[in-house]
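**Student:** File follows, structure26.txt with compact mmCIF, C-alpha atoms:
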# COMPACT_ATOMS: atom_id res chain seq x y z
CA VAL A 25 -157.65 -47.98 -129.66
CA PRO A 26 -159.57 -44.64 -129.73
CA ARG A 27 -159.64 -44.71 -125.90
CA THR A 28 -155.87 -45.14 -125.87
CA HIS A 29 -155.48 -42.15 -128.14
CA PHE A 30 -157.85 -40.23 -125.88
CA HIS A 31 -155.83 -41.10 -122.78
CA LEU A 32 -152.67 -40.00 -124.56
CA GLN A 33 -154.38 -36.66 -125.17
CA LEU A 34 -155.32 -36.44 -121.48
CA GLU A 35 -151.64 -36.94 -120.64
CA GLN A 36 -150.75 -34.14 -123.05
CA LEU A 37 -153.34 -31.91 -121.42
CA LYS A 38 -151.79 -32.64 -118.03
CA ASP A 39 -148.31 -31.82 -119.39
CA LYS A 40 -149.56 -28.51 -120.78
CA LEU A 41 -151.10 -27.70 -117.41
CA LEU A 42 -147.82 -28.54 -115.65
CA ALA A 43 -145.95 -26.18 -117.99
CA MET A 44 -148.52 -23.50 -117.13
CA ALA A 45 -147.99 -24.24 -113.42
CA ALA A 46 -144.22 -23.86 -113.82
CA LEU A 47 -144.68 -20.43 -115.41
CA SER A 48 -147.02 -19.29 -112.63
CA GLN A 49 -144.77 -20.52 -109.88
CA GLN A 50 -141.80 -18.81 -111.49
CA ALA A 51 -143.82 -15.59 -111.70
CA VAL A 52 -144.44 -15.65 -107.94
CA GLU A 53 -140.81 -16.36 -107.08
CA TYR A 54 -139.39 -13.75 -109.45
CA ALA A 55 -141.91 -11.12 -108.35
CA VAL A 56 -141.05 -11.67 -104.68
CA ASP A 57 -137.31 -11.55 -105.48
CA ALA A 58 -137.82 -8.37 -107.52
CA TYR A 59 -139.57 -6.84 -104.52
CA LEU A 60 -137.03 -7.97 -101.93
CA GLU A 61 -133.89 -7.25 -103.97
CA ARG A 62 -135.21 -4.09 -105.66
CA ASP A 63 -134.30 -5.61 -109.01
CA GLU A 64 -135.70 -3.78 -112.04
CA ARG A 65 -134.69 -6.51 -114.48
CA LEU A 66 -136.70 -9.08 -112.54
CA CYS A 67 -139.72 -6.75 -112.74
CA THR A 68 -139.32 -6.67 -116.52
CA PHE A 69 -138.97 -10.45 -116.54
CA VAL A 70 -142.28 -10.85 -114.67
CA ARG A 71 -143.98 -8.59 -117.24
CA GLU A 72 -142.70 -10.72 -120.11
CA ASN A 73 -143.56 -13.91 -118.26
CA GLU A 74 -147.13 -12.62 -117.92
CA ALA A 75 -147.59 -12.73 -121.71
CA ALA A 76 -146.27 -16.32 -121.77
CA ILE A 77 -148.70 -17.26 -118.98
CA ASN A 78 -151.67 -15.79 -120.86
CA MET A 79 -150.73 -17.75 -123.97
CA ALA A 80 -150.25 -21.00 -122.01
CA HIS A 81 -153.61 -20.37 -120.29
CA ARG A 82 -155.41 -20.13 -123.65
CA ASN A 83 -153.61 -23.23 -124.95
CA VAL A 84 -154.70 -25.38 -122.03
CA ASP A 85 -158.26 -24.05 -122.20
CA GLU A 86 -158.56 -24.69 -125.92
CA MET A 87 -157.24 -28.23 -125.65
CA ALA A 88 -159.63 -28.96 -122.75
CA TYR A 89 -162.59 -27.58 -124.74
CA GLU A 90 -161.65 -29.62 -127.79
CA LEU A 91 -161.44 -32.82 -125.74
CA LEU A 92 -164.85 -32.12 -124.22
CA ALA A 93 -166.38 -31.41 -127.63
CA LYS A 94 -164.83 -34.31 -129.56
CA GLU A 95 -164.51 -37.08 -126.99
CA GLN A 96 -167.54 -36.53 -124.77
CA PRO A 97 -165.68 -38.06 -121.82
CA MET A 98 -167.51 -39.53 -118.87
CA ALA A 99 -167.03 -39.87 -115.10
CA ILE A 100 -163.41 -39.62 -113.94
CA ASP A 101 -162.14 -38.25 -117.28
CA LEU A 102 -164.81 -35.57 -117.36
CA ARG A 103 -163.98 -34.61 -113.78
CA PHE A 104 -160.29 -34.44 -114.70
CA ILE A 105 -160.88 -32.12 -117.67
CA LEU A 106 -163.18 -29.85 -115.66
CA SER A 107 -160.56 -29.73 -112.88
CA VAL A 108 -157.91 -28.78 -115.45
CA ILE A 109 -160.09 -25.86 -116.64
CA LYS A 110 -160.48 -24.60 -113.07
CA ILE A 111 -156.85 -25.13 -112.05
CA ASN A 112 -155.77 -23.37 -115.23
CA ALA A 113 -157.88 -20.34 -114.27
CA ASP A 114 -156.33 -20.26 -110.78
CA LEU A 115 -152.82 -20.45 -112.23
CA GLU A 116 -153.62 -17.54 -114.54
CA ARG A 117 -154.77 -15.50 -111.54
CA ILE A 118 -151.57 -16.37 -109.70
CA GLY A 119 -149.84 -14.74 -112.68
CA ASP A 120 -152.03 -11.63 -112.30
CA GLN A 121 -151.21 -11.36 -108.59
CA SER A 122 -147.50 -11.73 -109.36
CA MET A 123 -147.75 -8.88 -111.88
CA SER A 124 -149.33 -6.77 -109.17
CA ILE A 125 -146.36 -7.51 -106.87
CA ALA A 126 -143.94 -6.60 -109.68
CA LEU A 127 -145.73 -3.25 -110.17
CA ARG A 128 -145.34 -2.49 -106.46
CA ALA A 129 -141.67 -3.51 -106.71
CA GLU A 130 -141.23 -1.05 -109.59
CA GLU A 131 -142.76 1.74 -107.51
CA MET A 132 -140.40 0.85 -104.64
CA LEU A 133 -137.37 1.40 -106.90
CA ARG A 134 -138.14 5.12 -106.96
CA VAL A 135 -138.12 5.56 -103.16
CA PRO A 136 -135.58 4.76 -100.42
CA ALA A 137 -135.65 1.29 -98.85
CA ALA A 138 -137.42 1.07 -95.48
CA THR A 139 -137.23 -1.58 -92.77
CA LEU A 140 -140.78 -2.74 -92.16
CA PRO A 141 -142.49 -5.16 -89.72
CA VAL A 142 -143.43 -7.73 -92.38
CA ASP A 143 -141.62 -10.84 -93.59
CA ILE A 144 -142.44 -10.81 -97.31
CA ALA A 145 -139.71 -13.42 -97.90
CA ALA A 146 -141.38 -15.88 -95.50
CA MET A 147 -144.82 -15.20 -96.98
CA GLY A 148 -143.43 -15.70 -100.49
CA THR A 149 -141.80 -19.00 -99.54
CA HIS A 150 -145.00 -20.19 -97.87
CA ALA A 151 -147.17 -19.29 -100.89
CA SER A 152 -144.65 -20.85 -103.24
CA ASP A 153 -144.55 -24.06 -101.17
CA MET A 154 -148.33 -24.24 -101.32
CA ILE A 155 -148.33 -23.98 -105.13
CA ARG A 156 -145.54 -26.58 -105.39
CA ARG A 157 -147.41 -29.06 -103.17
CA ALA A 158 -150.71 -28.44 -104.96
CA VAL A 159 -149.04 -29.17 -108.31
CA GLN A 160 -147.32 -32.24 -106.83
CA SER A 161 -150.68 -33.51 -105.57
CA LEU A 162 -152.01 -33.10 -109.12
CA ILE A 163 -149.10 -35.03 -110.66
CA GLU A 164 -149.44 -37.87 -108.17
CA ALA A 165 -153.24 -37.77 -107.77
CA ASP A 166 -152.48 -37.50 -104.05
CA ALA A 167 -155.54 -36.30 -102.12
CA PRO A 168 -153.87 -36.31 -98.65
CA LEU A 169 -151.09 -34.07 -100.02
CA ALA A 170 -153.75 -31.76 -101.46
CA GLU A 171 -155.40 -31.66 -98.04
CA SER A 172 -152.12 -30.57 -96.46
CA VAL A 173 -152.14 -27.55 -98.80
CA ARG A 174 -155.58 -26.57 -97.55
CA GLU A 175 -154.26 -26.71 -93.99
CA MET A 176 -151.34 -24.41 -94.84
CA ASP A 177 -153.70 -21.59 -95.79
CA ASP A 178 -154.44 -20.52 -92.21
CA ASP A 179 -150.79 -19.64 -91.54
CA ILE A 180 -150.51 -17.19 -94.40
CA ASP A 181 -153.89 -15.65 -93.56
CA HIS A 182 -152.52 -15.02 -90.09
CA MET A 183 -149.25 -13.55 -91.44
CA ASN A 184 -151.26 -11.21 -93.66
CA ARG A 185 -153.54 -9.98 -90.86
CA THR A 186 -150.58 -9.37 -88.53
CA ALA A 187 -148.69 -7.50 -91.27
CA HIS A 188 -151.77 -5.38 -92.00
CA VAL A 189 -152.08 -4.25 -88.37
CA ASP A 190 -148.34 -3.65 -87.90
CA LEU A 191 -147.98 -1.71 -91.15
CA ILE A 192 -150.85 0.62 -90.24
CA GLN A 193 -148.82 1.52 -87.13
CA VAL A 194 -145.86 2.40 -89.35
CA MET A 195 -148.04 4.63 -91.53
CA GLN A 196 -149.37 6.47 -88.51
CA LYS A 197 -145.98 6.94 -86.82
CA SER A 198 -143.64 7.34 -89.83
CA PRO A 199 -145.45 9.09 -92.67
CA ASP A 200 -142.15 9.23 -94.60
CA ALA A 201 -142.35 5.45 -94.92
CA SER A 202 -146.05 5.34 -95.77
CA LEU A 203 -145.55 4.61 -99.48
CA GLN A 204 -143.26 1.70 -98.64
CA ALA A 205 -145.70 0.49 -95.96
CA LEU A 206 -148.64 0.70 -98.39
CA ASN A 207 -146.77 -1.33 -100.98
CA ALA A 208 -145.93 -3.91 -98.33
CA VAL A 209 -149.63 -4.14 -97.33
CA ILE A 210 -150.64 -4.70 -100.95
CA THR A 211 -147.84 -7.24 -101.56
CA ALA A 212 -148.79 -9.20 -98.43
CA ARG A 213 -152.42 -9.24 -99.63
CA ASN A 214 -151.31 -10.45 -103.07
CA LEU A 215 -149.38 -13.32 -101.49
CA GLU A 216 -152.37 -14.21 -99.36
CA ARG A 217 -154.50 -14.30 -102.54
CA ILE A 218 -151.90 -16.47 -104.27
CA ALA A 219 -152.18 -18.91 -101.36
CA ASP A 220 -155.98 -18.88 -101.82
CA HIS A 221 -155.51 -19.89 -105.45
CA ALA A 222 -153.15 -22.72 -104.39
CA THR A 223 -155.89 -23.82 -101.97
CA ASN A 224 -158.44 -23.79 -104.80
CA ILE A 225 -156.11 -25.95 -106.90
CA ALA A 226 -155.76 -28.44 -104.03
CA THR A 227 -159.56 -28.55 -103.66
CA ASP A 228 -159.93 -29.29 -107.37
CA VAL A 229 -157.37 -32.11 -107.11
CA ILE A 230 -159.42 -33.66 -104.29
CA PHE A 231 -162.58 -33.27 -106.41
CA TRP A 232 -160.87 -35.00 -109.32
CA VAL A 233 -159.42 -37.87 -107.24
CA ARG A 234 -162.32 -38.54 -104.91
CA GLY A 235 -165.37 -37.29 -106.78
CA ALA A 236 -168.05 -34.68 -106.36
CA ASP A 237 -169.43 -35.88 -103.01
CA VAL A 238 -166.19 -35.10 -101.16
CA ARG A 239 -166.02 -31.70 -102.85
CA HIS A 240 -169.44 -31.00 -101.45
CA GLN A 241 -168.31 -32.10 -97.96
CA LEU A 242 -165.29 -29.82 -98.18
CA ALA A 243 -167.50 -26.95 -99.21
CA MET A 244 -169.86 -27.65 -96.31
CA ALA A 245 -166.98 -27.65 -93.83
CA GLU A 246 -165.71 -24.21 -94.93
CA VAL B 5 -188.50 -35.14 -126.60
CA PRO B 6 -185.17 -35.76 -124.75
CA ARG B 7 -183.64 -32.69 -126.48
CA THR B 8 -186.60 -30.59 -125.37
CA HIS B 9 -186.10 -31.77 -121.82
CA PHE B 10 -182.40 -30.96 -122.14
CA HIS B 11 -183.13 -27.44 -123.35
CA LEU B 12 -185.51 -26.95 -120.48
CA GLN B 13 -182.65 -27.90 -118.17
CA LEU B 14 -180.38 -25.39 -119.90
CA GLU B 15 -183.00 -22.72 -119.22
CA GLN B 16 -183.05 -23.77 -115.56
CA LEU B 17 -179.28 -23.55 -115.45
CA LYS B 18 -179.46 -20.03 -116.86
CA ASP B 19 -182.08 -19.07 -114.25
CA LYS B 20 -179.88 -20.41 -111.46
CA LEU B 21 -176.96 -18.40 -112.82
CA LEU B 22 -179.11 -15.25 -112.95
CA ALA B 23 -180.10 -15.77 -109.30
CA MET B 24 -176.39 -16.11 -108.49
CA ALA B 25 -175.70 -12.89 -110.43
CA ALA B 26 -178.41 -11.06 -108.48
CA LEU B 27 -176.78 -12.09 -105.19
CA SER B 28 -173.33 -10.97 -106.35
CA GLN B 29 -174.57 -7.65 -107.63
CA GLN B 30 -176.43 -7.06 -104.38
CA ALA B 31 -173.24 -7.87 -102.45
CA VAL B 32 -171.33 -5.16 -104.32
CA GLU B 33 -174.03 -2.55 -103.83
CA TYR B 34 -174.55 -3.30 -100.15
CA ALA B 35 -170.81 -3.42 -99.44
CA VAL B 36 -170.29 -0.02 -101.09
CA ASP B 37 -173.26 1.42 -99.19
CA ALA B 38 -171.93 -0.06 -95.94
CA TYR B 39 -168.60 1.64 -96.63
CA LEU B 40 -170.06 5.02 -97.64
CA GLU B 41 -172.76 5.20 -94.97
CA ARG B 42 -170.71 3.56 -92.18
CA ASP B 43 -173.54 1.10 -91.66
CA GLU B 44 -172.71 -1.89 -89.46
CA ARG B 45 -175.95 -3.72 -90.26
CA LEU B 46 -175.13 -3.64 -93.96
CA CYS B 47 -171.70 -5.15 -93.16
CA THR B 48 -173.46 -8.01 -91.37
CA PHE B 49 -175.82 -8.39 -94.30
CA VAL B 50 -172.88 -8.75 -96.72
CA ARG B 51 -171.41 -11.47 -94.48
CA GLU B 52 -174.67 -13.42 -94.50
CA ASN B 53 -175.09 -12.86 -98.22
CA GLU B 54 -171.64 -14.38 -98.74
CA ALA B 55 -172.85 -17.74 -97.41
CA ALA B 56 -175.84 -17.59 -99.79
CA ILE B 57 -173.50 -16.80 -102.69
CA ASN B 58 -171.27 -19.76 -101.87
CA MET B 59 -174.26 -22.07 -101.81
CA ALA B 60 -175.66 -20.69 -105.09
CA HIS B 61 -172.17 -21.07 -106.62
CA ARG B 62 -172.07 -24.78 -105.75
CA ASN B 63 -175.64 -25.30 -106.99
CA VAL B 64 -174.86 -23.85 -110.41
CA ASP B 65 -171.61 -25.77 -110.66
CA GLU B 66 -173.22 -29.07 -109.75
CA MET B 67 -176.05 -28.66 -112.23
CA ALA B 68 -173.57 -27.72 -114.99
CA TYR B 69 -171.43 -30.79 -114.20
CA GLU B 70 -174.46 -33.06 -114.22
CA LEU B 71 -175.59 -31.75 -117.60
CA LEU B 72 -172.10 -32.31 -119.02
CA ALA B 73 -171.94 -35.85 -117.61
CA LYS B 74 -175.45 -36.98 -118.55
CA GLU B 75 -176.22 -35.13 -121.76
CA GLN B 76 -172.82 -34.93 -123.42
CA PRO B 77 -173.84 -31.73 -125.19
CA MET B 78 -172.18 -30.53 -128.36
CA ALA B 79 -171.22 -27.23 -130.04
CA ILE B 80 -173.26 -24.23 -128.87
CA ASP B 81 -174.75 -26.05 -125.85
CA LEU B 82 -171.33 -27.21 -124.69
CA ARG B 83 -169.99 -23.66 -125.09
CA PHE B 84 -172.95 -22.33 -123.10
CA ILE B 85 -172.41 -24.73 -120.19
CA LEU B 86 -168.66 -24.03 -120.09
CA SER B 87 -169.40 -20.29 -120.12
CA VAL B 88 -171.83 -20.77 -117.23
CA ILE B 89 -169.08 -22.52 -115.20
CA LYS B 90 -166.68 -19.63 -115.83
CA ILE B 91 -169.22 -16.86 -115.27
CA ASN B 92 -170.28 -18.59 -112.05
CA ALA B 93 -166.66 -18.52 -110.82
CA ASP B 94 -166.36 -14.80 -111.60
CA LEU B 95 -169.60 -14.06 -109.76
CA GLU B 96 -168.32 -15.96 -106.73
CA ARG B 97 -165.15 -13.85 -106.77
CA ILE B 98 -167.23 -10.69 -107.00
CA GLY B 99 -168.77 -11.91 -103.74
CA ASP B 100 -165.28 -12.36 -102.22
CA GLN B 101 -164.26 -8.84 -103.23
CA SER B 102 -167.48 -7.45 -101.75
CA MET B 103 -166.70 -9.23 -98.47
CA SER B 104 -163.29 -7.58 -98.50
CA ILE B 105 -164.97 -4.15 -98.88
CA ALA B 106 -167.33 -4.96 -96.00
CA LEU B 107 -164.35 -5.87 -93.79
CA ARG B 108 -162.76 -2.50 -94.55
CA ALA B 109 -166.10 -0.81 -93.82
CA GLU B 110 -166.19 -2.56 -90.44
CA GLU B 111 -162.69 -1.30 -89.64
CA MET B 112 -163.77 2.22 -90.62
CA LEU B 113 -166.58 2.15 -88.03
CA ARG B 114 -163.95 2.22 -85.28
CA VAL B 115 -162.23 5.41 -86.52
CA PRO B 116 -163.44 8.94 -87.29
CA ALA B 117 -164.70 9.66 -90.82
CA ALA B 118 -162.20 11.41 -93.10
CA THR B 119 -162.74 13.34 -96.33
CA LEU B 120 -160.56 11.67 -98.95
CA PRO B 121 -159.70 12.37 -102.60
CA VAL B 122 -161.47 9.29 -103.98
CA ASP B 123 -165.01 8.85 -105.28
CA ILE B 124 -165.87 5.34 -104.04
CA ALA B 125 -169.55 6.00 -104.84
CA ALA B 126 -168.72 6.66 -108.52
CA MET B 127 -166.44 3.65 -108.71
CA GLY B 128 -169.12 1.48 -107.09
CA THR B 129 -171.77 2.68 -109.53
CA HIS B 130 -169.44 2.08 -112.46
CA ALA B 131 -168.56 -1.46 -111.34
CA SER B 132 -172.20 -2.23 -110.62
CA ASP B 133 -173.23 -0.94 -114.08
CA MET B 134 -170.64 -3.20 -115.65
CA ILE B 135 -172.02 -6.27 -113.84
CA ARG B 136 -175.61 -5.30 -114.75
CA ARG B 137 -174.74 -4.90 -118.44
CA ALA B 138 -172.71 -8.12 -118.49
CA VAL B 139 -175.66 -10.03 -117.03
CA GLN B 140 -178.04 -8.30 -119.47
CA SER B 141 -175.80 -9.35 -122.37
CA LEU B 142 -176.01 -12.92 -121.07
CA ILE B 143 -179.82 -12.84 -120.85
CA GLU B 144 -180.19 -11.43 -124.35
CA ALA B 145 -177.19 -13.22 -125.93
CA ASP B 146 -176.12 -9.71 -126.98
CA ALA B 147 -172.45 -9.68 -128.01
CA PRO B 148 -172.30 -5.91 -128.81
CA LEU B 149 -173.61 -5.13 -125.32
CA ALA B 150 -170.96 -7.46 -123.88
CA GLU B 151 -168.34 -5.58 -125.88
CA SER B 152 -169.50 -2.29 -124.35
CA VAL B 153 -168.73 -3.76 -120.92
CA ARG B 154 -165.18 -4.52 -122.01
CA GLU B 155 -164.80 -0.89 -123.08
CA MET B 156 -165.99 0.39 -119.69
CA ASP B 157 -163.07 -1.29 -117.93
CA ASP B 158 -160.51 1.39 -118.85
CA ASP B 159 -162.41 4.10 -116.98
CA ILE B 160 -162.39 2.27 -113.66
CA ASP B 161 -158.73 1.30 -114.10
CA HIS B 162 -158.00 4.99 -114.49
CA MET B 163 -160.09 5.93 -111.44
CA ASN B 164 -158.22 3.35 -109.37
CA ARG B 165 -154.77 4.55 -110.46
CA THR B 166 -155.66 8.18 -109.75
CA ALA B 167 -157.08 7.29 -106.34
CA HIS B 168 -153.94 5.30 -105.51
CA VAL B 169 -151.65 8.27 -106.23
CA ASP B 170 -153.87 10.82 -104.46
CA LEU B 171 -154.33 8.65 -101.37
CA ILE B 172 -150.57 8.16 -100.99
CA GLN B 173 -150.33 11.96 -100.75
CA VAL B 174 -152.88 11.92 -97.95
CA MET B 175 -150.91 9.26 -96.07
CA GLN B 176 -147.73 11.27 -96.35
CA LYS B 177 -149.28 14.60 -95.33
CA SER B 178 -151.93 13.50 -92.81
CA PRO B 179 -150.76 10.43 -90.90
CA ASP B 180 -153.88 10.72 -88.69
CA ALA B 181 -155.95 9.78 -91.73
CA SER B 182 -153.65 7.01 -92.92
CA LEU B 183 -155.87 4.15 -91.77
CA GLN B 184 -158.84 5.67 -93.59
CA ALA B 185 -156.67 6.31 -96.66
CA LEU B 186 -155.36 2.73 -96.64
CA ASN B 187 -158.88 1.34 -96.48
CA ALA B 188 -159.89 3.60 -99.36
CA VAL B 189 -156.91 2.32 -101.44
CA ILE B 190 -157.93 -1.29 -100.78
CA THR B 191 -161.63 -0.62 -101.48
CA ALA B 192 -160.78 1.13 -104.77
CA ARG B 193 -158.64 -1.88 -105.74
CA ASN B 194 -161.49 -4.25 -104.83
CA LEU B 195 -163.86 -2.31 -107.08
CA GLU B 196 -161.35 -2.37 -109.90
CA ARG B 197 -161.09 -6.18 -109.49
CA ILE B 198 -164.89 -6.46 -109.49
CA ALA B 199 -164.89 -4.60 -112.81
CA ASP B 200 -162.29 -7.09 -114.11
CA HIS B 201 -164.64 -9.93 -113.22
CA ALA B 202 -167.51 -8.18 -115.04
CA THR B 203 -165.17 -7.89 -118.04
CA ASN B 204 -164.41 -11.62 -117.83
CA ILE B 205 -168.15 -12.36 -117.79
CA ALA B 206 -168.66 -10.19 -120.88
CA THR B 207 -165.81 -12.02 -122.65
CA ASP B 208 -167.43 -15.37 -121.84
CA VAL B 209 -170.76 -14.14 -123.22
CA ILE B 210 -169.01 -13.21 -126.49
CA PHE B 211 -167.33 -16.64 -126.52
CA TRP B 212 -170.70 -18.32 -126.05
CA VAL B 213 -172.53 -16.24 -128.68
CA ARG B 214 -169.87 -16.05 -131.35
CA GLY B 215 -167.68 -19.09 -130.76
CA ALA B 216 -164.10 -19.85 -129.85
CA ASP B 217 -162.44 -18.06 -132.79
CA VAL B 218 -163.63 -14.62 -131.64
CA ARG B 219 -162.54 -15.40 -128.10
CA HIS B 220 -159.10 -16.04 -129.48
CA GLN B 221 -159.12 -12.74 -131.39
CA LEU B 222 -160.14 -10.87 -128.26
CA ALA B 223 -157.33 -12.51 -126.36
CA MET B 224 -154.84 -11.56 -129.07
CA ALA B 225 -155.95 -7.93 -128.99
CA GLU B 226 -155.41 -7.61 -125.24
With the file now loaded, output its structure as structure tokens.

**Tutor:**
Amino acid sequence: VPRTHFHLQLEQLKDKLLAMAALSQQAVEYAVDAYLERDERLCTFVRENEAAINMAHRNVDEMAYELLAKEQPMAIDLRFILSVIKINADLERIGDQSMSIALRAEEMLRVPAATLPVDIAAMGTHASDMIRRAVQSLIEADAPLAESVREMDDDIDHMNRTAHVDLIQVMQKSPDASLQALNAVITARNLERIADHATNIATDVIFWVRGADVRHQLAMAE
Amino acid sequence: VPRTHFHLQLEQLKDKLLAMAALSQQAVEYAVDAYLERDERLCTFVRENEAAINMAHRNVDEMAYELLAKEQPMAIDLRFILSVIKINADLERIGDQSMSIALRAEEMLRVPAATLPVDIAAMGTHASDMIRRAVQSLIEADAPLAESVREMDDDIDHMNRTAHVDLIQVMQKSPDASLQALNAVITARNLERIADHATNIATDVIFWVRGADVRHQLAMAE
């Protein structure tokens, strides 16, 4: 019976983590929309969301610590709880990166719109897809799905590098648009970092599902 | 006798973490020097150092996981091992940020030097001091020293914001220097993120030394 209670608590921990994931994913989507639509209210929303994310982050962490301290779990359960702690940290950092995008969006409100050679919408969708799949792979303990997230990372790295080069050209040729171009460079970098965090989450899911040896192999292959 | 053996292993874990910290701190210092002195060999060194950091990161993580699985530690020892896992992750990210600085330094080698309104040397020294103190507070289990690191974070945030504003002016007025200015913006941001990681490490040291309740208070005060 105590094991049953323990496994109920593990389910609760997972639910808390999924709520945290929902907040982080929402932060990314709202921050990108705020940036694209020049929407001040969405910027404010992302700020308020950030406080909710920080509270959810502490909640998950505290529950994970309590389970480790009281239940002394072994093997797969221990791996699961340690993965939750790591995934939780990545989700919190996704929130930080979204805040950074919202701050750039706020700065953009004060200057005219500029047409720039970067598809922030596509990068945002790609990053958001990666988080969604990583979370799905966690819910379903689906290692192949988690692997597909890792494969998606190259595309957004490429988008970011291309944007970086193209936006430098804008700065050099159109100094009037340099503030807008700088904010686009930073936003593209933030989205690339968000994708890195989604990749970390996917790696932790694989570690949880398959065990430490595979994690080591993955690390070796990087 | 088994507890003695366990505490010896905890000491070994700490030593491994300190070696990891030394690599990360070196990465920051070499990356900043590479940037300031336009030194290609230092860029290469940071790249190679990155591989060593990733290996040290996995080593620490694996030992921490093993101790959790085999020893089922309680209270202060559990808190210590969980802090090591978190500090290790922050040190690894300090390595990532240093790599990003080295990449900007490499790009700078291909363009003329420009005099810019940003003191990267001062920011680098400040960030490096924060890491050094955070590691010192870990070695000596010194919570007040860790708190002093948290207080140092405001200064570098301020430096970064000032640099951001001043460098936008450069981009707008001197488009020929916009690539150099962009790289300076990104490097200043990287150093500010490195300082954030040092702050996280200091917070984890306080959590380890004083316990979860204080960590919660700190979080509330943020």

**Student:** What are the residues of chain B lining chain A at 6 Å or less? Count all atoms listed in the file, and put the answer as a list in words.

**Tutor:**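 Using all atoms listed in the file, chain B residues at most 6 Å from chain A: Ala73, Gln76, Met78, Gln176 and Pro179 of chain B.
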
**Student:** What is the distance between CA of Val213 (chain B) and CA of Leu34 (chain A), in Å to one decimal?

**Tutor:**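 A separation of 27.5 Å between them.
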
**Student:** Between B:Ala192, B:Ile143, B:Val64, B:Leu22, which has the minimum distance to Pro121 (chain B) (counting only C-alpha atoms)?

**Tutor:**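 Nearest to Pro121 (chain B): B:Ala192.
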
**Student:** Looking at A:Met132, A:Leu41, A:Leu47, A:Ala88, which one is nearest to Ile111 (chain A), with distances taken over only C-alpha atoms?

**Tutor:**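 Nearest to Ile111 (chain A): A:Leu41.
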
**Student:** Go ahead and compute the interatomic distance for CA of Asn214 (chain A) and CA of Asn204 (chain B), in Å to one decimal.

**Tutor:**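 CA of Asn204 (chain B) lies at a distance of 19.8 Å from CA of Asn214 (chain A).
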
**Student:** For the atom pair CA of Lys40 (chain A) and CA of Met147 (chain A), what is the interatomic distance in Å to one decimal place?

**Tutor:**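 We find that CA of Lys40 (chain A) and CA of Met147 (chain A) lie 27.7 Å from each other.
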
**Student:** May I have the protein, DNA and RNA residues with any atom at most 12 Å from the point (-149.5, -33.5, -107.4), counting only C-alpha atoms, written as a PyMOL selection string?

**Tutor:** chain A and resi 38+41-42+45+154-173+222+225-230+232-233

**Student:** Would you give the centre and edge lengths, in Å to one decimal, of a box along x, y and z around the listed atoms of region 153-160 of chain B, with 4 Å added to each side, as AutoDock Vina command-line options?

**Tutor:**
--center_x -164.6 --center_y -0.2 --center_z -118.4 --size_x 16.2 --size_y 16.6 --size_z 17.4
